[in-house]
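Have a look at data-v6.cif; it's mmCIF, C-alpha atoms:
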data_model
#
loop_
_atom_site.label_atom_id
_atom_site.label_comp_id
_atom_site.auth_asym_id
_atom_site.auth_seq_id
_atom_site.Cartn_x
_atom_site.Cartn_y
_atom_site.Cartn_z
CA MET A 182 -6.58 26.34 1.67
CA LEU A 183 -3.88 23.80 0.98
CA PRO A 184 -1.84 22.64 3.98
CA GLY A 185 1.93 22.74 4.15
CA VAL A 186 3.48 19.30 3.73
CA GLY A 187 6.23 17.43 5.52
CA VAL A 188 7.61 14.34 3.78
CA PHE A 189 9.18 11.41 5.59
CA GLY A 190 11.43 9.32 3.38
CA THR A 191 14.15 9.61 0.77
CA GLY A 192 13.30 6.58 -1.35
CA SER A 193 11.92 6.39 -4.87
CA THR A 194 8.30 7.09 -3.85
CA ALA A 195 9.21 10.18 -1.85
CA ARG A 196 11.37 11.34 -4.74
CA VAL A 197 8.44 11.36 -7.18
CA LEU A 198 5.85 12.46 -4.60
CA VAL A 199 7.37 15.88 -3.99
CA PRO A 200 7.07 17.08 -7.63
CA LEU A 201 3.52 15.71 -7.78
CA LEU A 202 2.56 17.63 -4.63
CA ARG A 203 4.06 20.82 -5.97
CA GLY A 204 2.32 20.31 -9.29
CA GLU A 205 -1.03 20.45 -7.48
CA GLY A 206 -0.12 23.56 -5.51
CA PHE A 207 1.12 22.07 -2.23
CA GLU A 208 4.19 23.58 -0.58
CA VAL A 209 6.67 21.04 0.79
CA HIS A 210 8.28 22.67 3.81
CA ALA A 211 10.25 19.83 5.40
CA LEU A 212 11.96 16.54 4.54
CA TRP A 213 13.07 13.76 6.89
CA GLY A 214 15.74 11.16 6.14
CA ARG A 215 17.32 8.35 8.13
CA SER A 216 20.56 10.29 8.19
CA GLU A 217 21.53 13.92 7.74
CA GLU A 218 23.41 12.97 4.58
CA GLU A 219 20.37 11.33 2.95
CA ALA A 220 18.06 14.17 3.93
CA SER A 221 20.48 16.85 2.81
CA SER A 222 21.15 15.20 -0.54
CA LEU A 223 17.51 14.82 -1.54
CA ALA A 224 16.49 18.19 -0.10
CA GLN A 225 19.14 19.89 -2.21
CA GLU A 226 18.07 17.93 -5.30
CA LEU A 227 14.39 18.81 -4.84
CA GLY A 228 14.85 22.34 -3.52
CA ILE A 229 13.39 21.75 -0.05
CA LEU A 230 14.69 24.36 2.38
CA PHE A 231 14.38 22.41 5.65
CA HIS A 232 15.71 18.89 6.14
CA THR A 233 16.45 16.79 9.19
CA SER A 234 17.01 13.29 10.56
CA GLN A 235 14.95 14.06 13.68
CA SER A 236 11.28 13.17 13.25
CA ASP A 237 10.04 15.71 15.81
CA ASP A 238 11.61 18.53 13.82
CA VAL A 239 9.20 17.80 10.98
CA LEU A 240 6.17 17.00 13.14
CA LEU A 241 6.56 20.24 15.14
CA HIS A 242 7.32 22.41 12.11
CA PRO A 243 4.83 25.32 12.27
CA ASP A 244 4.12 25.26 8.52
CA VAL A 245 3.48 21.51 8.29
CA ASP A 246 -0.15 20.37 8.60
CA LEU A 247 -0.06 17.29 6.35
CA VAL A 248 2.50 14.54 6.86
CA CYS A 249 3.32 12.03 4.11
CA ILE A 250 5.16 8.98 5.50
CA TYR A 251 6.97 6.77 2.97
CA ILE A 252 9.63 5.03 5.02
CA SER A 253 10.51 1.51 6.14
CA PRO A 254 7.49 -0.30 7.67
CA PRO A 255 8.94 -0.71 11.21
CA LEU A 256 9.06 3.10 11.61
CA THR A 257 5.65 3.90 10.12
CA ARG A 258 3.48 3.27 13.17
CA GLN A 259 5.60 5.34 15.54
CA ILE A 260 5.62 8.44 13.35
CA ALA A 261 1.98 8.14 12.20
CA VAL A 262 0.66 7.80 15.76
CA LYS A 263 2.78 10.70 17.01
CA ALA A 264 1.71 12.88 14.07
CA LEU A 265 -1.97 12.34 14.82
CA GLY A 266 -1.38 13.06 18.50
CA ILE A 267 0.21 16.40 17.59
CA GLY A 268 -2.73 17.25 15.33
CA LYS A 269 -1.33 16.60 11.86
CA ASN A 270 -3.17 14.99 8.95
CA VAL A 271 -1.48 11.76 7.84
CA VAL A 272 -0.97 9.88 4.59
CA CYS A 273 1.30 6.90 5.11
CA GLU A 274 2.49 3.55 3.85
CA LYS A 275 1.54 0.23 5.43
CA ALA A 276 2.70 -0.80 8.89
CA ALA A 277 5.08 -3.69 9.57
CA THR A 278 2.68 -5.87 11.59
CA ALA A 279 -0.99 -6.21 12.44
CA VAL A 280 -0.23 -5.04 15.98
CA ASP A 281 1.32 -1.84 14.62
CA ALA A 282 -1.67 -1.39 12.30
CA PHE A 283 -4.04 -1.83 15.26
CA LYS A 284 -2.24 0.90 17.20
CA MET A 285 -2.60 3.19 14.18
CA VAL A 286 -6.33 2.46 14.03
CA THR A 287 -6.67 3.31 17.73
CA ALA A 288 -4.87 6.63 17.22
CA ALA A 289 -7.05 7.49 14.21
CA GLN A 290 -10.20 6.78 16.24
CA TYR A 291 -9.02 9.20 18.92
CA TYR A 292 -8.71 11.97 16.32
CA PRO A 293 -11.52 11.40 13.78
CA GLN A 294 -11.38 15.01 12.60
CA LEU A 295 -7.89 14.41 11.18
CA LEU A 296 -7.18 12.81 7.81
CA SER A 297 -5.64 9.35 8.27
CA ILE A 298 -5.30 7.23 5.14
CA VAL A 299 -3.01 4.51 3.83
CA GLY A 300 -1.53 5.63 0.54
CA ASN A 301 -2.44 2.68 -1.69
CA ALA A 302 -2.33 4.61 -4.94
CA LEU A 303 -3.84 1.76 -7.00
CA ARG A 304 -7.29 2.64 -5.69
CA PHE A 305 -6.97 5.99 -7.46
CA LEU A 306 -5.64 4.64 -10.77
CA PRO A 307 -8.28 5.59 -13.40
CA ALA A 308 -8.33 2.02 -14.77
CA PHE A 309 -9.39 0.63 -11.39
CA VAL A 310 -11.81 3.48 -10.73
CA ALA A 311 -13.49 2.58 -14.05
CA MET A 312 -13.32 -1.16 -13.30
CA ARG A 313 -15.08 -0.68 -9.98
CA GLN A 314 -17.79 1.41 -11.63
CA LEU A 315 -18.34 -1.18 -14.37
CA LEU A 316 -18.57 -3.95 -11.76
CA ALA A 317 -21.27 -1.95 -9.98
CA GLU A 318 -23.11 -1.55 -13.28
CA GLY A 319 -23.03 -5.30 -13.90
CA TYR A 320 -20.61 -5.41 -16.85
CA VAL A 321 -19.36 -8.89 -15.91
CA GLY A 322 -22.63 -10.12 -14.39
CA GLU A 323 -22.25 -12.10 -11.19
CA LEU A 324 -18.64 -11.83 -10.09
CA GLN A 325 -16.94 -15.21 -9.75
CA VAL A 326 -13.13 -15.02 -9.95
CA CYS A 327 -10.42 -12.38 -9.55
CA ASP A 328 -6.88 -13.02 -10.74
CA ALA A 329 -3.91 -10.72 -10.21
CA ARG A 330 -0.30 -11.16 -11.22
CA VAL A 331 2.74 -8.96 -10.85
CA TYR A 332 6.14 -9.88 -12.31
CA GLY A 333 9.28 -7.81 -12.12
CA PRO A 334 12.92 -7.56 -11.05
CA SER A 335 14.20 -7.96 -7.51
CA LEU A 336 12.81 -5.70 -4.78
CA LEU A 337 16.02 -5.88 -2.74
CA ASP A 338 18.05 -2.75 -2.05
CA GLN A 339 21.65 -2.47 -3.15
CA SER A 340 22.78 -3.14 0.41
CA TYR A 341 21.40 -5.15 3.33
CA GLY A 342 18.35 -3.48 4.87
CA TRP A 343 14.71 -3.91 5.79
CA THR A 344 13.77 -5.14 2.30
CA CYS A 345 15.79 -8.29 3.05
CA GLU A 346 13.97 -9.12 6.29
CA GLU A 347 10.52 -10.72 6.47
CA LEU A 348 9.97 -9.55 10.05
CA MET A 349 10.69 -5.93 9.06
CA GLY A 350 8.10 -5.90 6.28
CA GLY A 351 10.34 -6.88 3.40
CA GLY A 352 9.33 -9.16 0.54
CA GLY A 353 6.91 -9.17 -2.35
CA LEU A 354 3.91 -10.25 -0.28
CA HIS A 355 4.13 -7.34 2.14
CA THR A 356 5.37 -4.72 -0.32
CA VAL A 357 3.21 -5.47 -3.38
CA GLY A 358 0.82 -8.24 -2.35
CA SER A 359 -0.70 -6.07 0.38
CA THR A 360 -1.69 -3.41 -2.17
CA LEU A 361 -3.44 -6.10 -4.24
CA VAL A 362 -5.25 -7.49 -1.20
CA ASP A 363 -6.54 -4.00 -0.51
CA LEU A 364 -7.40 -3.38 -4.16
CA LEU A 365 -9.34 -6.63 -4.60
CA SER A 366 -11.35 -5.94 -1.47
CA HIS A 367 -12.06 -2.43 -2.77
CA LEU A 368 -13.16 -3.73 -6.18
CA THR A 369 -15.36 -6.58 -4.95
CA GLY A 370 -16.78 -4.95 -1.85
CA ALA A 371 -15.85 -8.06 0.13
CA ARG A 372 -13.13 -9.20 2.49
CA ALA A 373 -11.15 -12.41 2.67
CA VAL A 374 -12.42 -14.94 5.19
CA ARG A 375 -9.91 -17.73 4.44
CA VAL A 376 -6.55 -17.78 2.66
CA HIS A 377 -4.04 -20.32 1.40
CA GLY A 378 -0.55 -19.34 0.31
CA LEU A 379 2.96 -20.34 -0.65
CA LEU A 380 6.02 -18.13 -0.16
CA ARG A 381 9.55 -18.78 -1.35
CA THR A 382 12.93 -17.03 -1.18
CA PHE A 383 14.92 -18.10 -4.22
CA VAL A 384 17.68 -15.50 -3.85
CA GLY A 385 19.07 -15.86 -0.34
CA GLN A 386 22.30 -14.02 -1.12
CA ASN A 387 23.74 -12.00 -3.98
CA GLY A 388 26.78 -9.92 -4.82
CA ALA A 389 25.88 -7.21 -2.32
CA ILE A 390 24.30 -9.40 0.38
CA HIS A 391 26.55 -12.27 1.44
CA GLY A 392 28.63 -13.65 4.27
CA ILE A 393 26.63 -13.86 7.50
CA ARG A 394 23.80 -11.88 5.90
CA CYS A 395 20.94 -13.84 4.41
CA VAL A 396 17.67 -12.72 2.81
CA THR A 397 14.53 -13.97 4.60
CA SER A 398 11.94 -11.95 2.67
CA ASP A 399 10.02 -13.68 -0.14
CA ASP A 400 10.70 -13.04 -3.81
CA PHE A 401 7.93 -15.38 -4.98
CA SER A 402 4.46 -15.81 -3.55
CA PHE A 403 1.19 -17.32 -4.64
CA PHE A 404 -1.98 -17.14 -2.58
CA GLN A 405 -5.72 -17.62 -2.80
CA MET A 406 -8.45 -15.75 -0.95
CA LEU A 407 -12.05 -16.81 -0.45
CA MET A 408 -14.08 -13.63 -0.11
CA GLY A 409 -17.23 -13.12 1.91
CA GLY A 410 -19.05 -10.36 3.73
CA SER A 411 -18.93 -6.61 3.24
CA ALA A 412 -15.78 -4.55 3.27
CA SER A 413 -17.14 -2.29 6.03
CA GLY A 414 -19.96 -1.12 3.80
CA ARG A 415 -17.48 0.45 1.38
CA GLY A 416 -18.03 -1.96 -1.52
CA VAL A 417 -19.60 -1.52 -4.90
CA GLY A 418 -22.95 -2.77 -3.74
CA THR A 419 -23.28 -5.61 -6.23
CA GLY A 420 -24.08 -8.21 -3.62
CA THR A 421 -21.64 -10.59 -5.31
CA GLY A 422 -18.88 -10.71 -2.68
CA SER A 423 -19.77 -14.06 -1.07
CA GLY A 424 -18.00 -16.98 -2.71
CA VAL A 425 -15.69 -14.94 -4.94
CA CYS A 426 -12.28 -16.60 -5.31
CA CYS A 427 -9.20 -14.43 -5.73
CA THR A 428 -5.75 -15.64 -6.78
CA VAL A 429 -2.57 -13.57 -6.67
CA THR A 430 0.83 -14.48 -8.13
CA LEU A 431 3.93 -12.39 -7.40
CA ASN A 432 7.34 -13.13 -8.93
CA PHE A 433 10.26 -10.77 -8.45
CA ASN A 434 12.92 -12.84 -10.16
CA MET A 435 12.12 -11.64 -13.66
CA PRO A 436 14.29 -8.97 -15.34
CA GLY A 437 12.78 -6.99 -18.14
CA ALA A 438 9.41 -5.29 -18.49
CA PHE A 439 7.27 -4.91 -15.39
CA VAL A 440 3.98 -6.86 -15.62
CA HIS A 441 0.93 -5.73 -13.63
CA GLU A 442 -2.43 -7.33 -14.48
CA VAL A 443 -5.69 -7.62 -12.57
CA MET A 444 -8.60 -9.55 -14.09
CA VAL A 445 -12.15 -10.01 -12.82
CA VAL A 446 -14.39 -12.66 -14.38
CA GLY A 447 -18.13 -13.01 -14.02
CA SER A 448 -21.12 -14.78 -15.49
CA ALA A 449 -21.47 -12.23 -18.33
CA GLY A 450 -17.90 -11.28 -19.20
CA ARG A 451 -14.56 -10.11 -17.91
CA LEU A 452 -12.54 -6.98 -17.24
CA ILE A 453 -8.75 -6.83 -17.20
CA ALA A 454 -6.43 -3.98 -16.24
CA ARG A 455 -3.05 -4.31 -17.93
CA GLY A 456 -0.72 -1.72 -16.51
CA THR A 457 -2.68 1.53 -16.71
CA GLU A 458 -5.17 0.43 -19.40
CA LEU A 459 -8.54 -1.26 -18.97
CA TYR A 460 -9.92 -3.87 -21.37
CA GLY A 461 -13.20 -5.75 -21.39
CA GLN A 462 -14.98 -8.53 -23.18
CA ARG A 463 -18.58 -9.71 -22.78
CA ASN A 464 -19.61 -13.30 -23.32
CA GLY A 465 -20.40 -13.81 -26.99
CA GLY A 466 -18.38 -10.76 -28.01
CA LYS A 467 -16.05 -10.85 -30.98
CA GLY A 468 -13.01 -9.88 -28.97
CA GLU A 469 -11.47 -7.76 -26.31
CA GLU A 470 -12.10 -4.01 -26.44
CA LEU A 471 -10.10 -1.13 -24.97
CA LEU A 472 -12.34 0.61 -22.45
CA LEU A 473 -9.84 3.11 -21.01
CA GLY A 474 -6.40 4.02 -22.31
CA ASP A 475 -3.44 5.46 -20.45
CA SER A 476 -4.41 8.99 -19.49
CA GLY A 477 -0.80 10.13 -19.09
CA GLY A 478 -0.17 13.33 -17.20
CA THR A 479 2.38 12.20 -14.60
CA GLY A 480 5.44 11.50 -16.71
CA GLN A 481 7.05 8.29 -17.81
CA GLU A 482 7.85 5.29 -15.68
CA VAL A 483 10.41 6.06 -12.98
CA LYS A 484 13.01 3.58 -11.77
CA ASP A 485 11.59 1.53 -8.86
CA VAL A 486 8.14 3.14 -9.25
CA PRO A 487 6.02 1.12 -11.73
CA LEU A 488 3.78 3.13 -14.02
CA PRO A 489 0.46 1.99 -12.43
CA HIS A 490 1.67 3.20 -9.04
CA LEU A 491 3.01 6.44 -10.49
CA ARG A 492 -0.26 7.23 -12.29
CA GLY A 493 -2.26 6.27 -9.21
CA LEU A 494 -0.07 8.41 -6.98
CA GLY A 495 -0.67 11.41 -9.22
CA SER A 496 -4.44 10.86 -9.04
CA MET A 497 -4.29 10.47 -5.26
CA VAL A 498 -2.43 13.78 -4.89
CA THR A 499 -5.09 15.46 -7.04
CA ALA A 500 -7.77 14.01 -4.74
CA LEU A 501 -5.92 15.37 -1.71
CA LYS A 502 -5.86 18.82 -3.30
CA ASP A 503 -9.62 18.63 -3.90
CA ALA A 504 -10.17 17.56 -0.29
CA PHE A 505 -8.27 20.51 1.19
CA GLN A 506 -8.49 23.44 -1.19
CA ALA A 507 -12.11 24.46 -0.49
CA GLN A 508 -11.53 24.66 3.27
CA GLU A 509 -10.89 27.90 5.13
CA GLU A 510 -8.32 26.39 7.49
CA ARG A 511 -5.26 24.38 6.48
CA ARG A 512 -6.03 21.35 8.63
CA LEU A 513 -9.67 20.97 7.57
CA TRP A 514 -10.59 18.61 4.75
CA ALA A 515 -13.63 17.29 2.90
CA GLN A 516 -14.26 13.54 2.87
CA GLY A 517 -15.77 13.28 -0.61
CA PRO A 518 -12.64 13.55 -2.81
CA VAL A 519 -10.76 10.94 -0.74
CA ALA A 520 -13.70 8.67 0.05
CA MET A 521 -12.16 5.86 -2.01
CA ALA A 522 -8.89 5.99 -0.06
CA SER A 523 -7.76 3.11 2.13
CA THR A 524 -8.39 3.85 5.82
CA PHE A 525 -6.28 2.70 8.75
CA GLU A 526 -9.01 0.10 9.39
CA ASP A 527 -8.47 -1.18 5.86
CA GLY A 528 -4.76 -1.27 6.59
CA LEU A 529 -5.35 -3.46 9.64
CA TYR A 530 -7.44 -5.88 7.58
CA VAL A 531 -4.78 -6.05 4.86
CA GLN A 532 -2.01 -6.73 7.34
CA THR A 533 -4.16 -9.44 8.93
CA VAL A 534 -4.52 -11.13 5.53
CA VAL A 535 -0.77 -10.88 4.89
CA GLU A 536 0.03 -12.55 8.20
CA ALA A 537 -2.59 -15.25 7.55
CA VAL A 538 -0.93 -16.01 4.19
CA LYS A 539 2.43 -16.33 5.96
CA ARG A 540 0.90 -18.74 8.49
CA SER A 541 -0.60 -20.76 5.66
CA SER A 542 2.75 -21.01 3.90
CA ARG A 543 4.26 -22.46 7.06
CA SER A 544 1.39 -24.82 7.90
CA GLY A 545 0.35 -25.82 4.37
CA GLU A 546 -3.29 -25.37 5.42
CA TRP A 547 -6.07 -22.88 4.79
CA GLU A 548 -6.03 -20.15 7.44
CA SER A 549 -8.90 -18.00 8.71
CA VAL A 550 -8.69 -14.22 8.57
CA GLU A 551 -9.69 -12.77 11.92
CA VAL A 552 -9.10 -9.05 12.38
CA MET A 553 -8.04 -8.22 15.94
CA THR A 554 -10.37 -6.15 18.07
CA GLN A 555 -7.97 -5.62 20.96
CA GLU A 556 -4.23 -5.45 21.29
CA PRO A 557 -2.77 -8.90 22.06
CA ASP A 558 -0.42 -9.83 24.88
CA PRO A 559 3.12 -8.83 23.77
CA ASN A 560 4.40 -12.18 25.08
CA GLN A 561 2.22 -13.90 22.46
CA ASN A 562 3.96 -11.89 19.72
CA LEU A 563 7.34 -13.01 21.08
CA CYS A 564 6.22 -16.65 20.94
CA GLU A 565 5.17 -16.24 17.30
CA VAL A 566 8.52 -14.70 16.37
CA LEU A 567 10.38 -17.56 18.05
CA LEU A 568 8.20 -20.07 16.18
CA ILE A 569 8.96 -18.38 12.84
CA ASN A 570 12.70 -18.48 13.53
CA LYS A 571 12.48 -22.11 14.56
CA ASN A 572 10.79 -23.05 11.30
#
Have the structure of the file written as structure tokens, please.
Amino acid sequence: MLPGVGVFGTGSTARVLVPLLRGEGFEVHALWGRSEEEASSLAQELGILFHTSQSDDVLLHPDVDLVCIYISPPLTRQIAVKALGIGKNVVCEKAATAVDAFKMVTAAQYYPQLLSIVGNALRFLPAFVAMRQLLAEGYVGELQVCDARVYGPSLLDQSYGWTCEELMGGGGLHTVGSTLVDLLSHLTGARAVRVHGLLRTFVGQNGAIHGIRCVTSDDFSFFQMLMGGSASGRGVGTGTGSGVCCTVTLNFNMPGAFVHEVMVVGSAGRLIARGTELYGQRNGGKGEELLLGDSGGTGQEVKDVPLPHLRGLGSMVTALKDAFQAQEERRLWAQGPVAMASTFEDGLYVQTVVEAVKRSSRSGEWESVEVMTQEPDPNQNLCEVLLINKN
């Protein structure tokens, strides 16, 4: 039995998520927006009967058993934790900080019977599902290097908001880089132990953001990760994680076609995902071969939602349907169909890597990745914020 859904958010992802949910048989009963005007406008456009700007109105809605949270990072933790406490299943975006992510992990551990996943749709993209399987089968031999690059136009909103502020989760590293950190860990079965990075903000102001307002979020970032150890036993089982070097380049100052490429290179060949297609070439081969084409099925690229994310989101919604539909009660779910999803624990690791890259950019040194096991003293967080502002 499919659960009723409540959607938090009125941005581009929420706008495409609702039709995808309905296409798989879910009923969307409630929509939340930051203001009544935003909620009313999108609800009318998408035909959602109930809309509100009060989070509790969605969380306490009697027909809502699954909550999808696609809002600004500073609000994610509060709503996700409250939703789990009320007894709702949760699919959400990343948190703003590692401390917020840790609180989400703690809440998920209190309610293990509830679904709690981070909606990194790239894990579900067929090209990466196939890449992970081929890595497990030894297509590239011993894995040595991973290289990812994403180029596109500015991520800034049309007016000043959270996308402009580093401390609120804005910037290419947090918005896009975090999904690649998670994806590379998922593909290799390993986690980063040390990182080195460089972040820059080339566009501090523009026609819409000027005066006393100034952008602090990055629009260019480059970082390296040295991988080692198991990704909580969730890897591909190749035993090749230790010593793998990953590089990621993000540039959001490039108008024109969106570029999304992830390449893995090993002792016997390489695999490369370009957009939604997967290519491969073995050592000694005559050339690159197409291993998996674009499967289609979820429409064309939507403004502000790149095609890889759109295709992956469609596959993730299908997996959610498979997890719920065989159950007799709306809140029950089967783990198998969503086993590849990113957990809240994965989200904490990813946020830890992101913050380590930011520290490295400030220090110019390699930084260790140490996932917190207990909530830190809030005074320590204040000291770190003051240090960032000072620098």
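Each of A:Val286, A:Ala515, A:Leu365, A:Cys327 was compared to Lys502 (chain A) using all atoms listed in the file, and A:Ala515 turns out to be the nearest.
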Within 8 Å of Ala522 (chain A) using only C-alpha atoms, minus same-chain residues under 6 positions, as a PyMOL selection string
chain A and resi 298-301+304-305
Generate a file of the selected residues that holds C-alpha atoms, formatted as a PDB file, in the coordinates of the input.
ATOM      1  CA  ILE A 298      -5.300   7.230   5.140  1.00  0.00           C
ATOM      2  CA  VAL A 299      -3.010   4.510   3.830  1.00  0.00           C
ATOM      3  CA  GLY A 300      -1.530   5.630   0.540  1.00  0.00           C
ATOM      4  CA  ASN A 301      -2.440   2.680  -1.690  1.00  0.00           C
ATOM      5  CA  ARG A 304      -7.290   2.640  -5.690  1.00  0.00           C
ATOM      6  CA  PHE A 305      -6.970   5.990  -7.460  1.00  0.00           C
TER       7      PHE A 305
END
Closest to Ala282 (chain A) among A:Thr533, A:Ser340, A:Ser523, A:Gln405, using only C-alpha atoms?
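For Ala282 (chain A), the nearest of the candidates is A:Thr533.
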Computed interatomic separation between CA of Cys249 (chain A) and CA of Val331 (chain A) (Å):
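CA of Val331 (chain A) lies at a distance of 25.8 Å from CA of Cys249 (chain A).
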Taking the file as I've supplied it (selection: the PyMOL selection byres ((chain A and resi 506) around 10)), which residues are included? Please answer as number ranges by chain.
A: 182-184, 206-207, 501-505, 507-511, 513-515
How many Å separate CA of Asp399 (chain A) from CA of Val429 (chain A)?
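Interatomic distance, CA of Asp399 (chain A) to CA of Val429 (chain A): 14.2 Å.
Take CA of Arg313 (chain A) and CA of Ser402 (chain A): the distance between them is 25.5 Å.
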List every protein, DNA or RNA residue that has an atom no more than 12 Å from (-9.1, -20.4, 5.9) in the file's coordinate frame, counting only C-alpha atoms, and report them as a PyMOL selection string.
chain A and resi 373-378+404-409+534+537-538+540-541+544-551
Give the answer as one residue: which of A:Leu348, A:Cys427, A:Val535, A:Leu361 has the shortest atom-to-atom distance to Thr397 (chain A), using all atoms listed in the file?
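Smallest separation from Thr397 (chain A) among the options: A:Leu348.
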